[in-house]
Amino acid sequence: MELKFIIISIISTGIIGVLLGVIIGVVAKAFAVEIDERIEKVEELLPGANCGGCGFAGCSAFAKAVVAEEAAPGQCPVCSGDDVANIASYLGIEAGQGEKMVALVRCSGDISNTVRSLYNGIRDCRSAVVVAGGAKGCDYGCLGFGSCANACPFGAIEMRDGLAVVHPELCVGCENCVATCPKNLIVMVPAAAEVHVYCNSPEKGAAKRQVCKTACIACRKCVKASGEEEHMLVDGFLVKTNYENPPSADLVEASACPTTALRVAGKHAANEYQGVSK
Amino acid sequence: MSLAKEFSKGIWKENPVLVLLLGMCPTLGVTSSATNGLGMGVATLFVLMCSNMVISLMRNIVPKKIRIPVYIVVIATFVTIVDMLMQAYAPATLYNALGLFIPLIVVNCIVLGRAEAFASKNGIVKSLADGLGMGLGFTLALVALGGTREFLAGGTLFQIKMIPAWTTDFMLPTSAAGAFIILGLFLAAKNAQAIRKAKREGKAYTPPGLDCRSCNICDMDK
Amino acid sequence: MSDKPRKFKGGVHPSDSKALSASCAIQDAPLLDKYVVIMHQNIGAPPQLLVKKGDVVKKGQLLAKAGGFVSVPLHAPTSGTVSAIDKCPGPTGISVPAIHIDADGEDEWGSPFEPIANWQNCPAGELRQRVWDAGIVGMGGAGFPAHVKLSPPEGKEIDTLILNGAECEPYLTADHRLMLEQAEDVVLGAAILARILGLESAVIGIEENKPDAIAKLEEVAGKYHVRVQPLPVNYPQGAEKQLIYAITGREVPVGKLPMDVKCVVQNVASAVAVADAVVKGIPSIERVTTVTGRPVKTPGNWRFRIGTPIAKALELAGGITEQPAKLLLGGPMMGIAQSSLGVTVMKNTSGILLISSDEVSLYSSEPCIRCGRCVEVCPMSILPATISQAVENKRFDWAQELNVQACIECGSCSYVCPSHRPLNQHFKWAKVEIASKLRRRND
Amino acid sequence: MSEQESTPSIRLPDPARLVVSNSPHMRSGENISRIMFTVVAAMLPACAVGIWFFGLAAVWVLLACTVSCVVFEEGWNKLNKRPSTWKDGSAIITGILLGMNLNAGTPWWVCVIGAFLAIILAKQLFGGLGYNPFNPALVARVGLLIGLPELMTTWNPTHAMVSTLGAADAVSAATPLAMAPGKVEVLQMLIGNTKGCLGETSAIALLIGGAVLLIFKLIKWQVPVAFIGSVAVITGIMHAIDPTTYHSPVVHILSGGLLLGAFFMATDMVTSPMTRKGAIIFGLGCGIMTSVIRLWGSYPEGVSFSILFMNALTPLIDRMTVQKPFGYVAPEKGKVA
Amino acid sequence: MSELTSEFLVITIGAILVNNFVLSKFLGICPFLGVSKKLDTALGMSGAVIFVMTLASLVSSLINQFLLTRDFVIGGRTMNLQFLQTLVFIVVIASLVQLVEIILQKVSAKLYESLGIFLPLITTNCAVLGCVVLNAKATGPLQSTWYGATIYGFCSAVGFALALVLFSSLREKLDLAQVPKAFEGTAISLVTAGILAMAFLGFSGLV
Amino acid sequence: MSAQKINIPMLGVFLGVVAAAAAGLLAGVQGLTAERIEANKKAAISLAMNQVLPAYDNEPMTETNTFACARGWKVTFYTARKDGQIVGYAGKVDNTDDGFSGTVSLIVGLDADGSVASIASNGMTNSAVIVTAQTETPGLGTAIAERKLQKTITDLFGGSEEIPGLVGNKYLDWYAGKKAGEERWAIVKDGEKVNGKTGATITSTAVCEAVYAVSKTAVEHLDELSKGAE
């Protein structure tokens, strides 16, 4: 009796199961939509952060583009090298991975080092520039209201004493901050480069010093310290790191930058230049 | 991770209710008293362990495409078994109080979520530890919530009056509204603790939201 | 066209404080030894520099030529030497390029063009060219090149010329004094502008709180078929769209120009400049500006050369009696706050205003209590509170949906807000963001 | 910053002390606390009548509510290291409103629970004044009604009732809405000599308060008019169909918390729609729901529930009633509402 | 009023307002909290739930009526397959959702884009299973028929949708609020839902 | 979803097999528990029955009549006899489906004329109404339905004695002696006698409707009932 009951249960449920399975199968056939399964697979391999750092609207759009060979898997800034290699080997294409880039805020002017006016309004850089160009004495400096920090999906930018500071180890290079900064202060630089000039003002040295203690005054000490090697490039009243041929961290020590505009990225992030400027 | 860690994470650090925000429906629905919370917790614990075990065993033979339906069938089976066992052996009042929510363990995200996120990737012993930990975490959260609601309503715990002088029942905590609000306060308390901890460690803390971080059900179809 | 002005919806009635300077006759500012002429004084393309450091210039000589159609030339305010082409603090807070001129004290005239005495018979095209050559912009504050408004594209018919003498901003009295003291020039300028547009008549809109100017203008208006239209006192009566609505009853559609409802609006000061350029052959090198505010020792109205540093202007007014909280270019409702005294008088500087600290309530930006006052006063009938909250949360798409572009930034909403919210700044920000999004999309 | 050499006798502004901010640089001088205290003043007549009819008990309830609201507000601010906000008056309004919504004999601990629900739960958890989606006093009242239904639906008789009816009869007398239709004394309801919450009984006092609010333009007239109007219409229809079961609309308008709700709670700026059109929809919704609950629901009174429900609808209403900007419809002349 | 009409009212008003699935029965809390951040997504989810829940009610009540509750006699004992309800229902719902997704993808790409992402979520939406189980337990003359069950499914889904839409518009407003840090996210949402549930309690006793 | 890529029939079969296996397992467990579940139910009924019926000497469980009542519910009557004479009925109605958060099941002891019986217990007159299953809100709905003494923490340690018989419940005891007529029973909230609780009207109504339905059905079918079981 029990056995019979069990058998009836099994058969009826089995029939429902198989029936549903077949219906799904048939309908799936009848309504099949051609999908490139590679897209799905690539999307699976992507991190799924949807940060938009690759320049596409989210990971699935990027996956589509990769499969269509409109983009290289290496364009994903978040993927690790292995991820990229996996995708590339899955698709049988070149990884096309560029050098790892991180954001650099080209300003070192925190509250204690710069002249600021008494700004009274919305605490957001993009909004502050609408009013009198923001609160900063320097037209080119970081306003310090943290639009970039808010735009960073990875929490890689810290607002410290009215200055945006990038933590390179957290930065994945999505460039969201670059687009957000109203002063166009942020640029992407190779993660391998350790030494940067934390200043962006093309003004004359004297004008800069009036408003900022840590501006690059183009004294060229660092250029000289790097000797024959073209580690540093002079551009008007501003010196820039030559990212084709970046200097080592020793250069900062060697050049004894009088305003500490030249800094080691790691030390800058770790707040080791506080109060250093002369 | 060690076995002990797999077990203990579910109880506090990754508590399914307070951190992963899974299984909210029974959490809210049955916690009008501590007894109900305990009953529901134990039932879920049983299902969770059984399903984790079976799914861990089956993980290598199930075709990926129909993983989810198969898991659901497995879970539904154990839920029905629990249902029948409770009907046979648990006190009638408890069975009646849990009512609708017993069959709904099937769709409790904890069970499916752990099946998908853990059991389908780990061995049977680990999966059992995970199931036990998560189930206990769930049970504890439910008992705590049920106890709080019950106590706030009339000073009782497990239907026993703790404060005999408390004579006027305050019905808000046991009403539907109270369920939401008190769970909200629970979450906030957990968040506050996590915030303090994060601050000590110098980290940023974002309170968990019920977004795609905890409930990865839509990801499952990939 | 009816004689009774319509009242636009919304608006506010701030205390006008015009009495400080309304009775002060316009004085000519003495010649200084140094002028700093900011290069870009108009809306549109910047002009192209014609002089270099060390050049000797005459008063009225061309310093820079128009950089395009929507652009105007610049003229030297006095004779002297170009000492530098360098940056100086700009009105928006960012340093801007400027021509620094060391005056020689001779003030020697070197006008680029001759007067057109017989303007009634002069072709409209020539007159329009003269307006352009003289570098005249909208002197009410916007700085939009005047000749552009006078050049309606093919197919756009113009039937009304409105001179804006509303001067609805509190404190400012420059236009008021100008209309009172140079009523003939105003009317003459109106007539010339009408001729350029091929019209027979013009309307001058004036707020009712300037009865003396109305009387004076009505006295002389008959000569050139100019009608004086008194308007109710309601800020922002002087806003272009509100003025057109009050006088003609036409609503300028969002995103469209007065031209689209067959109207041209010019400021009265611009009209005087036009009259000067045509009849006297003087380019736009000076303007009447009110220097006022409670902290100012002797408020008044002066005729300044373009390029006069604000510090000098304040010195003329006797300096200050107390440290002000704000220094504004323009009126208190729409003026721009300055953090430097190095800014110089520009063609659109209608006022230099000092606000004492007890008049200023700083934005504390308390949360919106949704009282709806901003909705009531908004002359453009948008929802300031909601837009502001959207912007606060960076929901610019939402702000766009709520027509933030229609905002004329009159500031009425911020004025009435009991929570002291920075509504106006929110809108400005939103507009910038929306515009940059549009630009990105077009790229 | 350019240096200015100025003659010593002439003083120029110090640029470093100039504030830079966006226009406008003038303010009307209106502020939140002025608005709030005007509202408090408008509530006083109804409170006074409540105290007159219910005696010292009413004073204690009002005091307990107001004081505990202020204490909770300040306590929360202290706890979270936020600036003190009780002086803006919003907590005082909430306290008085809550008191007006309670029976004159309510125990003090109920007032404290109510204040907790209002200030902490309904207001501060959402970020304080301006951010609360629900009217705090209403959340407290509804929370108490759900939590303590019997206590919240038993009302003290007025002194006048006790002296005319005798103590026992006065206690067992029903509230107007619970009476059989046709037995209700409208005049007593107008002056407030009836059972009910201490602030809701006197129609005249509430109308005076409402008038104050309208004169100072602190509320939109559309809300109370649509609210009361729709209650009148719906209950009027039902009364016309069956006068023996349903009260006349006059009784409905004058009884319970309708006037209090319509003038003081539905009009709460923070939780009601901002546009005039939205206000009308809001009022209508309140009226319809109040009528439905009163006529067919299980709770004796529906005003609080209806306003709370419409509070939840407010964001949607706001979304639907976005007004067209000036110049939006080009061909149409005339003012665009 | 006949019994049927009165039960119809009970089902409709009851399911939508009085015994709202989310706010008084606590069913479908996960999507209620998870998909209510923006009004647009809430509308999409509502549409998907209404569709699936109606369909699932119909199909499973048919199966329940014609297969699971059929009595049959074995060895003198009357037995039926009711104990299989949970199992069969969940399989049916899962398959149904799958089917809807496949068909939608083909038939209307636009609809699929707006509803598609919610469909997998619905499989584990306890509101659907709860509704189906409630239908199977129902004894009313209307609700125990397949069309009554369908009406109930539809109305429950509308109730769910109502709560979801209201809640999402509130949450959009909450986005603008300065909620204490510990309450950010789900905690304040739950408190809001609680107050919303309070408001819905006002409907009690209507049916 | 792109289910079309793999072998569809295989998937169907796999799912079918799993489901079938599950069904088999369930059927087994069902077989094992069914009897106990039945027994539980019977025990619960007979326990309640003993409380609501006067002393009897037959086996009421074997003497049953089931009628459909107006609401579509089924009412089962158990006839109690003493010395062969009918002394009362126990009417049972299950799953009335209109409680606040679920169904209500109850057993009502009826006198031979179909009115709700009164039972003297602990010096009070209680009605013979017992709610056997409900899922109402604790404290609110349950206050109407439960006949339970509140245990306090002192009882736990003091070990107070169990009091036999029915525990009074003013909401349920309202029905004592009531007999269903043409008028439906209304919910009375105010006044001395109550069968309804403010704030728990739905539960009150559910109980009221159910008790009414039992009594009404009994009155309508008194003839058949008095004839005894079929």
# chains A, B, ... in the order shown; residues from 1 in each chain; ligands from 1
call {"tool": "interface_residues", "arguments": {"of": "chain E", "to": "chain F", "cutoff": "10 Å", "atoms": "only C-alpha atoms", "output": "compact mmCIF listing (two decimals) with N, CA and C atoms, in the first residue's frame"}}
result
# COMPACT_ATOMS: atom_id res chain seq x y z
N GLU E 3 -23.04 35.85 -1.34
CA GLU E 3 -21.77 35.40 -0.75
C GLU E 3 -20.61 35.64 -1.70
N LEU E 4 -20.88 35.38 -2.98
CA LEU E 4 -19.79 35.50 -3.95
C LEU E 4 -19.32 36.94 -4.07
N GLU E 7 -17.49 37.92 -1.05
CA GLU E 7 -16.14 37.37 -1.00
C GLU E 7 -15.24 38.04 -2.02
N VAL E 10 -14.05 40.98 -0.38
CA VAL E 10 -13.05 40.61 0.62
C VAL E 10 -11.72 40.36 -0.05
N GLY E 14 -9.47 43.37 0.46
CA GLY E 14 -8.65 42.73 1.48
C GLY E 14 -7.23 42.56 1.02
N VAL E 18 -6.31 45.91 3.04
CA VAL E 18 -6.40 45.52 4.45
C VAL E 18 -5.33 44.51 4.83
N ASN E 19 -5.29 43.43 4.08
CA ASN E 19 -4.27 42.43 4.37
C ASN E 19 -3.17 42.49 3.33
N SER E 24 1.17 43.67 5.85
CA SER E 24 0.61 42.98 7.00
C SER E 24 0.88 41.48 6.96
N LYS E 25 1.17 40.93 5.81
CA LYS E 25 1.48 39.51 5.77
C LYS E 25 2.98 39.24 5.68
N LEU E 81 -2.43 13.81 -2.91
CA LEU E 81 -1.04 14.22 -3.04
C LEU E 81 -0.79 15.62 -2.47
N PHE E 83 0.46 16.67 0.07
CA PHE E 83 1.76 16.91 0.70
C PHE E 83 2.81 17.34 -0.31
N LEU E 84 2.52 17.13 -1.59
CA LEU E 84 3.48 17.53 -2.62
C LEU E 84 3.32 18.99 -3.05
N LEU E 87 6.38 21.39 -3.12
CA LEU E 87 7.33 20.97 -4.15
C LEU E 87 6.85 21.33 -5.54
N VAL E 88 5.61 20.93 -5.81
CA VAL E 88 5.08 21.15 -7.16
C VAL E 88 4.95 22.64 -7.45
N VAL E 91 8.25 24.35 -8.22
CA VAL E 91 8.77 23.96 -9.53
C VAL E 91 7.97 24.67 -10.63
N GLN E 98 10.81 31.17 -15.84
CA GLN E 98 11.76 30.89 -16.92
C GLN E 98 11.07 31.08 -18.28
N LEU E 99 9.88 30.51 -18.38
CA LEU E 99 9.13 30.59 -19.63
C LEU E 99 8.83 32.04 -19.99
N GLU E 101 10.32 34.60 -19.13
CA GLU E 101 11.54 35.31 -19.50
C GLU E 101 11.92 35.00 -20.95
N ILE E 102 11.86 33.72 -21.29
CA ILE E 102 12.25 33.34 -22.66
C ILE E 102 11.32 33.98 -23.67
N GLN E 105 11.69 37.80 -23.95
CA GLN E 105 12.92 38.18 -24.63
C GLN E 105 12.71 38.21 -26.13
N PRO E 120 14.24 36.80 -12.61
CA PRO E 120 14.88 35.79 -11.76
C PRO E 120 14.61 36.04 -10.28
N LEU E 134 -1.56 30.10 -0.13
CA LEU E 134 -2.80 30.61 0.46
C LEU E 134 -4.00 30.18 -0.37
N LYS E 137 -4.91 26.71 0.30
CA LYS E 137 -5.53 26.49 1.61
C LYS E 137 -6.92 27.10 1.70
N ALA E 138 -7.25 27.95 0.72
CA ALA E 138 -8.47 28.73 0.83
C ALA E 138 -9.69 27.82 0.82
N THR E 139 -10.72 28.25 1.57
CA THR E 139 -11.94 27.45 1.60
C THR E 139 -13.13 28.22 1.07
N GLY E 140 -12.97 29.51 0.84
CA GLY E 140 -14.09 30.31 0.36
C GLY E 140 -14.61 29.78 -0.97
N PRO E 141 -15.89 29.97 -1.21
CA PRO E 141 -16.46 29.43 -2.45
C PRO E 141 -15.85 30.04 -3.69
N LEU E 142 -15.39 31.28 -3.57
CA LEU E 142 -14.81 31.91 -4.75
C LEU E 142 -13.32 31.58 -4.87
N SER E 144 -11.57 29.25 -3.79
CA SER E 144 -11.15 27.87 -4.03
C SER E 144 -11.37 27.44 -5.47
N LEU E 201 -2.78 50.12 8.60
CA LEU E 201 -3.63 49.53 9.62
C LEU E 201 -4.98 50.25 9.71
N GLY E 202 -4.96 51.50 9.25
CA GLY E 202 -6.22 52.25 9.26
C GLY E 202 -7.30 51.60 8.44
N SER E 204 -8.00 48.55 8.47
CA SER E 204 -8.47 47.30 9.05
C SER E 204 -9.97 47.41 9.33
N GLY E 205 -10.61 46.33 9.12
CA GLY E 205 -12.04 46.29 9.37
C GLY E 205 -12.89 46.73 8.20
N LEU E 206 -12.25 47.12 7.11
CA LEU E 206 -13.03 47.55 5.95
C LEU E 206 -13.76 46.36 5.33
N VAL E 207 -13.17 45.19 5.43
CA VAL E 207 -13.85 44.03 4.85
C VAL E 207 -14.04 42.97 5.92
call {"tool": "closest_atom_pairs", "arguments": {"of": "chain A", "to": "chain B", "cutoff": "9 Å", "atoms": "only C-alpha atoms", "output": "Markdown table"}}
result
| residue | atom | partner | partner_atom | distance |
| --- | --- | --- | --- | --- |
| A:Glu40 | CA | B:Lys222 | CA | 7.6 |
| A:Lys41 | CA | B:Lys222 | CA | 8.5 |
| A:Glu44 | CA | B:Lys222 | CA | 7.3 |
| A:Gly155 | CA | B:Ala204 | CA | 8.7 |
call {"tool": "atom_distance", "arguments": {"atom1": "atom CA of F:Arg147", "atom2": "atom CA of B:Thr31"}}
result
21.5 Å
call {"tool": "residues_around", "arguments": {"residues": "stretch 44-56 of chain B", "least_positions_apart": "2", "cutoff": "8 Å", "atoms": "only C-alpha atoms", "output": "number ranges by chain"}}
result
B: 40-42, 58-59, 71, 74-75, 78-79, 82, 105, 110-111, 114-115, 119-125, 127-128, 131-132, 134-136, 138-139
call {"tool": "closest_residue", "arguments": {"among": "C:Phe69, C:Phe304, C:Tyr171, C:Tyr224", "to": "chain D", "atoms": "only C-alpha atoms"}}
result
C:Tyr171
call {"tool": "closest_residue", "arguments": {"among": "D:Phe282, D:Phe37, D:Phe216, D:Trp86", "to": "D:Ile228", "atoms": "only C-alpha atoms"}}
result
D:Phe282
call {"tool": "interface_residues", "arguments": {"of": "chain B", "to": "chain F", "cutoff": "6 Å", "atoms": "only C-alpha atoms", "output": "count of residues only"}}
result
6
